[in-house]
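These notes concern the structure reproduced below.
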Amino acid sequence: MLRVVILGAAAGGGVPQWNCGCPVCRTARSENPELRSTQASIAVSCDGEHWFLINASPDLRQQLTATPQLHPKQGQLRHSPITGVILTNSEIDAVAGLLSMREGSPFTVYAHPRVLAILKSNSIFNVLGEKSVKRQPIEVDQAFEPTLPDGSPSGIKILPFEVPGKAAWYLEGQAHPAGADGAGDTLGLRIEDKQSGKYLYFLAACARVTDDLKSRLAGAPLVFFDGTVWRDDELITAGLGSKTGQSMGHIAMSGDHGAIESLGRLDIGQKVFLHINNSNPALLNGSDERKTLEHAGWKILADGTEITL
Ligand SMILES: [Zn+2]
């Protein structure tokens, strides 16, 4: 049995974002607190006892407090069910939560060498001492099985694969610590419970849907997919910023080449948008955009929702 908890469904900044007065953020602060959402991350487990985080968001501390599945075992002075953290990119909303896990409990960080190079080049991450926090490189198209604290296999098979994206925005115009070339800045993950064969896909960032990606996702029981923006230019037209979704490495939900259309005929069991920016009108229940999305079989789920496969 594969268990998944949505720790956070929002993009960078969360909902509401601290400095934002857009319609979604305003209503999330007042009439519609149910719209509040923390920055994107999920937790997966196949035994219910040991959990792996997919990305560590800046809201991790709040997410762990709100998630009983991830609380320390009763009767233990120091314990965490979190056995590992798998990073799919090095954006702040994927890695900053690691700094909230610096109290000496052992776990392993699994990430592509390009992401590990960024952690290594930022000395603040040295608070995660090598003795308790191992850093394990993972490679594109090479499945791995994260281990339990005693070194035994977890029963979860993870296949990282390259998806169209870009390096972290804070590196724009600067040299990448791992060099200019090479894939691995943005990964998708196929996560499988080895015993049952049930699996899901996780893509919190994806700039476009390629034929290769379509063939991977076809028939999948569950897909978490990049839902950052409804329209590519929505930040600009709303007066919230100067960047398009594409320039940030994110596909739009709508449009001929958007996520809803591109993944429309792939016979996917459950389609869940994740990493949704507060500018996205589909966050508003009852909006035309939300109706369109739901009519196409997609869901936006609240933080804390658990799905079992
Ligand atoms: Zn906003």
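Following the order of the structure tokens, chains are lettered A, B, ..., residues in each are numbered from 1, and ligands are numbered from 1.
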
### Query
Contacts of A:Pro221 at 8 Å or less, counting only C-alpha atoms, minus same-chain residues fewer than 5 places along, as number ranges by chain?
A: 198-200, 268-270, 309

Keeping all heavy atoms for every residue in the selection just given, could you write it to a file as a tab-separated table (two decimals), in the first residue's frame?
chain	number	residue	atom	x	y	z
A	198	LYS	N	1.75	-0.55	-7.12
A	198	LYS	CA	1.05	0.74	-7.29
A	198	LYS	C	2.08	1.88	-7.38
A	198	LYS	O	3.11	1.84	-6.70
A	198	LYS	CB	0.10	0.98	-6.11
A	198	LYS	CG	-1.05	-0.01	-6.03
A	198	LYS	CD	-2.12	0.34	-7.05
A	198	LYS	CE	-3.20	-0.72	-7.19
A	198	LYS	NZ	-3.95	-1.00	-5.99
A	199	TYR	N	1.78	2.87	-8.19
A	199	TYR	CA	2.75	3.94	-8.36
A	199	TYR	C	2.09	5.28	-8.64
A	199	TYR	O	0.90	5.35	-8.99
A	199	TYR	CB	3.74	3.60	-9.49
A	199	TYR	CG	3.10	3.51	-10.86
A	199	TYR	CD1	3.12	4.57	-11.75
A	199	TYR	CD2	2.48	2.33	-11.27
A	199	TYR	CE1	2.56	4.48	-13.02
A	199	TYR	CE2	1.89	2.23	-12.53
A	199	TYR	CZ	1.94	3.31	-13.39
A	199	TYR	OH	1.36	3.22	-14.63
A	200	LEU	N	2.88	6.32	-8.47
A	200	LEU	CA	2.41	7.68	-8.77
A	200	LEU	C	3.55	8.43	-9.44
A	200	LEU	O	4.72	8.02	-9.39
A	200	LEU	CB	1.97	8.38	-7.48
A	200	LEU	CG	3.04	8.66	-6.42
A	200	LEU	CD1	3.75	10.00	-6.63
A	200	LEU	CD2	2.40	8.66	-5.03
A	268	ILE	N	-5.28	8.68	-17.12
A	268	ILE	CA	-4.65	8.77	-15.79
A	268	ILE	C	-5.75	8.64	-14.73
A	268	ILE	O	-6.81	9.24	-14.84
A	268	ILE	CB	-3.92	10.13	-15.64
A	268	ILE	CG1	-2.76	10.20	-16.64
A	268	ILE	CG2	-3.42	10.33	-14.21
A	268	ILE	CD1	-2.16	11.59	-16.81
A	269	GLY	N	-5.49	7.83	-13.70
A	269	GLY	CA	-6.50	7.55	-12.68
A	269	GLY	C	-6.92	8.81	-11.91
A	269	GLY	O	-8.09	9.20	-11.92
A	270	GLN	N	-5.96	9.44	-11.22
A	270	GLN	CA	-6.25	10.67	-10.48
A	270	GLN	C	-5.24	11.74	-10.89
A	270	GLN	O	-4.04	11.49	-10.85
A	270	GLN	CB	-6.11	10.44	-8.96
A	270	GLN	CG	-7.08	9.43	-8.40
A	270	GLN	CD	-6.96	9.37	-6.87
A	270	GLN	OE1	-7.30	10.30	-6.16
A	270	GLN	NE2	-6.45	8.24	-6.36
A	309	LEU	N	-2.97	4.35	-2.33
A	309	LEU	CA	-3.05	3.55	-3.57
A	309	LEU	C	-2.84	2.08	-3.24
A	309	LEU	O	-2.02	1.75	-2.39
A	309	LEU	CB	-1.97	3.98	-4.56
A	309	LEU	CG	-2.10	5.35	-5.24
A	309	LEU	CD1	-0.89	5.60	-6.13
A	309	LEU	CD2	-3.38	5.45	-6.04

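Identified as lying at most 6 Å from ligand 1 when counting only C-alpha atoms and all ligand atoms are the residues Pro16, Gln17, Cys20, Gly21, Cys22, Val24, Cys25, Asn278 and Ser279 of chain A.
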
Give me a file of those residues, with all heavy atoms, as an mmCIF file, in the first residue's frame.
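New file part_36.cif:
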data_model
loop_
_atom_site.group_PDB
_atom_site.id
_atom_site.type_symbol
_atom_site.label_atom_id
_atom_site.label_comp_id
_atom_site.auth_asym_id
_atom_site.auth_seq_id
_atom_site.Cartn_x
_atom_site.Cartn_y
_atom_site.Cartn_z
ATOM 1 N N PRO A 16 -2.018 32.717 1.811
ATOM 2 C CA PRO A 16 -1.631 33.944 1.114
ATOM 3 C C PRO A 16 -0.123 34.181 1.190
ATOM 4 O O PRO A 16 0.531 33.726 2.123
ATOM 5 C CB PRO A 16 -2.376 35.030 1.907
ATOM 6 C CG PRO A 16 -2.470 34.477 3.299
ATOM 7 C CD PRO A 16 -2.578 32.989 3.154
ATOM 8 N N GLN A 17 0.386 34.885 0.212
ATOM 9 C CA GLN A 17 1.798 35.262 0.213
ATOM 10 C C GLN A 17 1.972 36.528 1.057
ATOM 11 O O GLN A 17 1.137 37.438 0.992
ATOM 12 C CB GLN A 17 2.229 35.513 -1.233
ATOM 13 C CG GLN A 17 3.683 35.936 -1.380
ATOM 14 C CD GLN A 17 4.072 36.105 -2.842
ATOM 15 O OE1 GLN A 17 3.821 35.226 -3.657
ATOM 16 N NE2 GLN A 17 4.668 37.238 -3.174
ATOM 17 N N CYS A 20 1.350 39.988 -0.636
ATOM 18 C CA CYS A 20 0.473 40.022 -1.808
ATOM 19 C C CYS A 20 -0.960 40.406 -1.457
ATOM 20 O O CYS A 20 -1.543 39.865 -0.518
ATOM 21 C CB CYS A 20 0.485 38.663 -2.507
ATOM 22 S SG CYS A 20 -0.328 38.742 -4.125
ATOM 23 N N GLY A 21 -1.486 41.324 -2.247
ATOM 24 C CA GLY A 21 -2.862 41.763 -2.064
ATOM 25 C C GLY A 21 -3.748 41.373 -3.235
ATOM 26 O O GLY A 21 -4.749 42.034 -3.510
ATOM 27 N N CYS A 22 -3.379 40.310 -3.956
ATOM 28 C CA CYS A 22 -4.203 39.852 -5.079
ATOM 29 C C CYS A 22 -5.516 39.285 -4.532
ATOM 30 O O CYS A 22 -5.628 39.008 -3.331
ATOM 31 C CB CYS A 22 -3.448 38.821 -5.917
ATOM 32 S SG CYS A 22 -3.455 37.152 -5.236
ATOM 33 N N VAL A 24 -6.969 36.377 -4.589
ATOM 34 C CA VAL A 24 -6.891 35.086 -3.894
ATOM 35 C C VAL A 24 -6.269 35.260 -2.510
ATOM 36 O O VAL A 24 -6.790 34.758 -1.503
ATOM 37 C CB VAL A 24 -6.089 34.058 -4.727
ATOM 38 C CG1 VAL A 24 -5.865 32.777 -3.930
ATOM 39 C CG2 VAL A 24 -6.799 33.749 -6.038
ATOM 40 N N CYS A 25 -5.167 36.006 -2.435
ATOM 41 C CA CYS A 25 -4.504 36.195 -1.138
ATOM 42 C C CYS A 25 -5.400 36.958 -0.168
ATOM 43 O O CYS A 25 -5.465 36.638 1.017
ATOM 44 C CB CYS A 25 -3.164 36.920 -1.320
ATOM 45 S SG CYS A 25 -1.912 35.889 -2.103
ATOM 46 N N ASN A 278 -0.442 31.696 -6.049
ATOM 47 C CA ASN A 278 -1.604 32.426 -5.526
ATOM 48 C C ASN A 278 -2.264 33.328 -6.573
ATOM 49 O O ASN A 278 -3.381 33.787 -6.384
ATOM 50 C CB ASN A 278 -1.231 33.201 -4.258
ATOM 51 C CG ASN A 278 -0.051 34.116 -4.475
ATOM 52 O OD1 ASN A 278 -0.153 35.111 -5.180
ATOM 53 N ND2 ASN A 278 1.087 33.767 -3.880
ATOM 54 N N SER A 279 -1.585 33.553 -7.696
ATOM 55 C CA SER A 279 -2.189 34.343 -8.773
ATOM 56 C C SER A 279 -3.179 33.517 -9.600
ATOM 57 O O SER A 279 -3.905 34.063 -10.423
ATOM 58 C CB SER A 279 -1.079 34.844 -9.715
ATOM 59 O OG SER A 279 -0.362 33.728 -10.248
#

Neighbour list for stretch 55-66 of chain A as an mmCIF file with C-alpha atoms, in the first residue's frame, cut-off 9 Å, only C-alpha atoms, skip fewer than 6 positions in-chain:
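Result file follows (out-v3.cif):
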data_model
loop_
_atom_site.group_PDB
_atom_site.id
_atom_site.type_symbol
_atom_site.label_atom_id
_atom_site.label_comp_id
_atom_site.auth_asym_id
_atom_site.auth_seq_id
_atom_site.Cartn_x
_atom_site.Cartn_y
_atom_site.Cartn_z
ATOM 1 C CA LEU A 7 1.958 18.552 2.931
ATOM 2 C CA GLY A 8 1.506 21.664 0.811
ATOM 3 C CA GLY A 12 6.596 29.669 -3.855
ATOM 4 C CA GLY A 14 2.204 30.085 -0.463
ATOM 5 C CA THR A 38 1.663 25.987 2.251
ATOM 6 C CA GLN A 39 4.466 25.524 -0.257
ATOM 7 C CA ALA A 40 4.508 22.326 -2.290
ATOM 8 C CA SER A 41 5.698 19.053 -0.844
ATOM 9 C CA ILE A 42 4.339 15.546 -0.362
ATOM 10 C CA ALA A 43 5.256 12.693 1.988
ATOM 11 C CA VAL A 85 14.128 13.670 1.697
ATOM 12 C CA ILE A 86 14.179 13.405 -2.082
ATOM 13 C CA LEU A 87 14.828 16.704 -3.853
ATOM 14 C CA THR A 88 13.565 17.283 -7.400
ATOM 15 C CA ASN A 89 15.217 20.675 -7.876
ATOM 16 C CA ILE A 92 14.081 27.758 -2.463
ATOM 17 C CA ASP A 93 10.601 26.247 -2.133
ATOM 18 C CA ALA A 94 12.120 22.771 -2.541
ATOM 19 C CA VAL A 95 15.214 22.956 -0.321
ATOM 20 C CA ALA A 96 14.807 25.667 2.352
ATOM 21 C CA GLY A 97 12.897 23.279 4.656
ATOM 22 C CA LEU A 98 16.089 21.269 5.130
ATOM 23 C CA LEU A 99 17.216 24.061 7.446
ATOM 24 C CA SER A 100 14.296 23.181 9.736
ATOM 25 C CA MET A 101 15.624 19.626 10.104
ATOM 26 C CA ASP A 303 -2.965 20.548 2.619
ATOM 27 C CA GLY A 304 -3.072 17.451 4.810
#

#### Entry: A:Glu261 surroundings by only C-alpha atoms, 10 Å radius, close-in-sequence under 5 positions cut, as a ChimeraX atom specification
/A:209,253-256,296

Could you give me, as a Markdown table, every stretch 33-80 of chain A residue with an atom at most 12 Å from stretch 103-111 of chain A, plus its closest atom pair and distance in Å to one decimal, counting only C-alpha atoms, rows ordered by chain then number?
| residue | atom | partner | partner_atom | distance |
| --- | --- | --- | --- | --- |
| A:His50 | CA | A:Phe107 | CA | 10.8 |
| A:Trp51 | CA | A:Phe107 | CA | 10.4 |
| A:Phe52 | CA | A:Thr108 | CA | 9.4 |
| A:Leu53 | CA | A:Val109 | CA | 9.5 |
| A:Ile54 | CA | A:Tyr110 | CA | 9.6 |
| A:Asn55 | CA | A:Val109 | CA | 9.6 |
| A:Ala56 | CA | A:Val109 | CA | 10.0 |
| A:Pro72 | CA | A:Ser105 | CA | 10.9 |
| A:Leu77 | CA | A:Ser105 | CA | 11.4 |
| A:Arg78 | CA | A:Ser105 | CA | 7.6 |
| A:His79 | CA | A:Ser105 | CA | 7.0 |
| A:Ser80 | CA | A:Ser105 | CA | 7.2 |

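The spacing separating atom CA of A:His257 from atom CA of A:Leu217 amounts to 16.1 Å.
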
Kindly assemble as a tab-separated table a list of the stretch 177-223 of chain A residues that lie within 10 Å of stretch 142-152 of chain A, each paired with its nearest atom pair and their distance in Å to one decimal, using only C-alpha atoms, sorted first by chain and then by ascending residue number.
residue	atom	partner	partner_atom	distance
A:Leu189	CA	A:Ala143	CA	9.6
A:Arg190	CA	A:Ala143	CA	8.9
A:Ile191	CA	A:Ala143	CA	9.5
A:Glu192	CA	A:Glu145	CA	9.6
A:Lys194	CA	A:Glu145	CA	9.4

#### Entry: Among listed residues A:Leu70, A:Arg29, A:Ser132, A:Trp230, nearest A:Asp288 (using only C-alpha atoms)
A:Trp230

### Query
What residues in stretch 60-137 of chain A get the DSSP label helix (DSSP H, G or I)? Please answer as a count of residues only.
32

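If you count only C-alpha atoms and ignore residues fewer than 2 places along the chain from stretch 115-119 of chain A, what sits within 7 Å of it is Asn89, Ser90, Ala111, His112, Pro113, Ser121, Asn122, Phe125, Pro177, Ala178 and Asp185 of chain A.
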
Let's have the selection written as a CSV table (one decimal), in the first residue's frame, with C-alpha atoms.
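The result, written out as out37.csv:
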chain,number,residue,atom,x,y,z
A,89,ASN,CA,15.2,20.7,-7.9
A,90,SER,CA,17.1,23.3,-6.0
A,111,ALA,CA,19.3,14.5,-5.0
A,112,HIS,CA,20.9,14.9,-8.4
A,113,PRO,CA,24.6,15.9,-8.3
A,121,SER,CA,28.3,25.6,-2.3
A,122,ASN,CA,25.9,27.2,0.2
A,125,PHE,CA,23.4,23.8,4.7
A,177,PRO,CA,28.3,25.3,-9.2
A,178,ALA,CA,28.0,22.1,-11.1
A,185,ASP,CA,18.2,20.6,-12.6

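Between atom CA of A:Trp18 and atom CA of A:Leu240 lies a distance of 13.3 Å.
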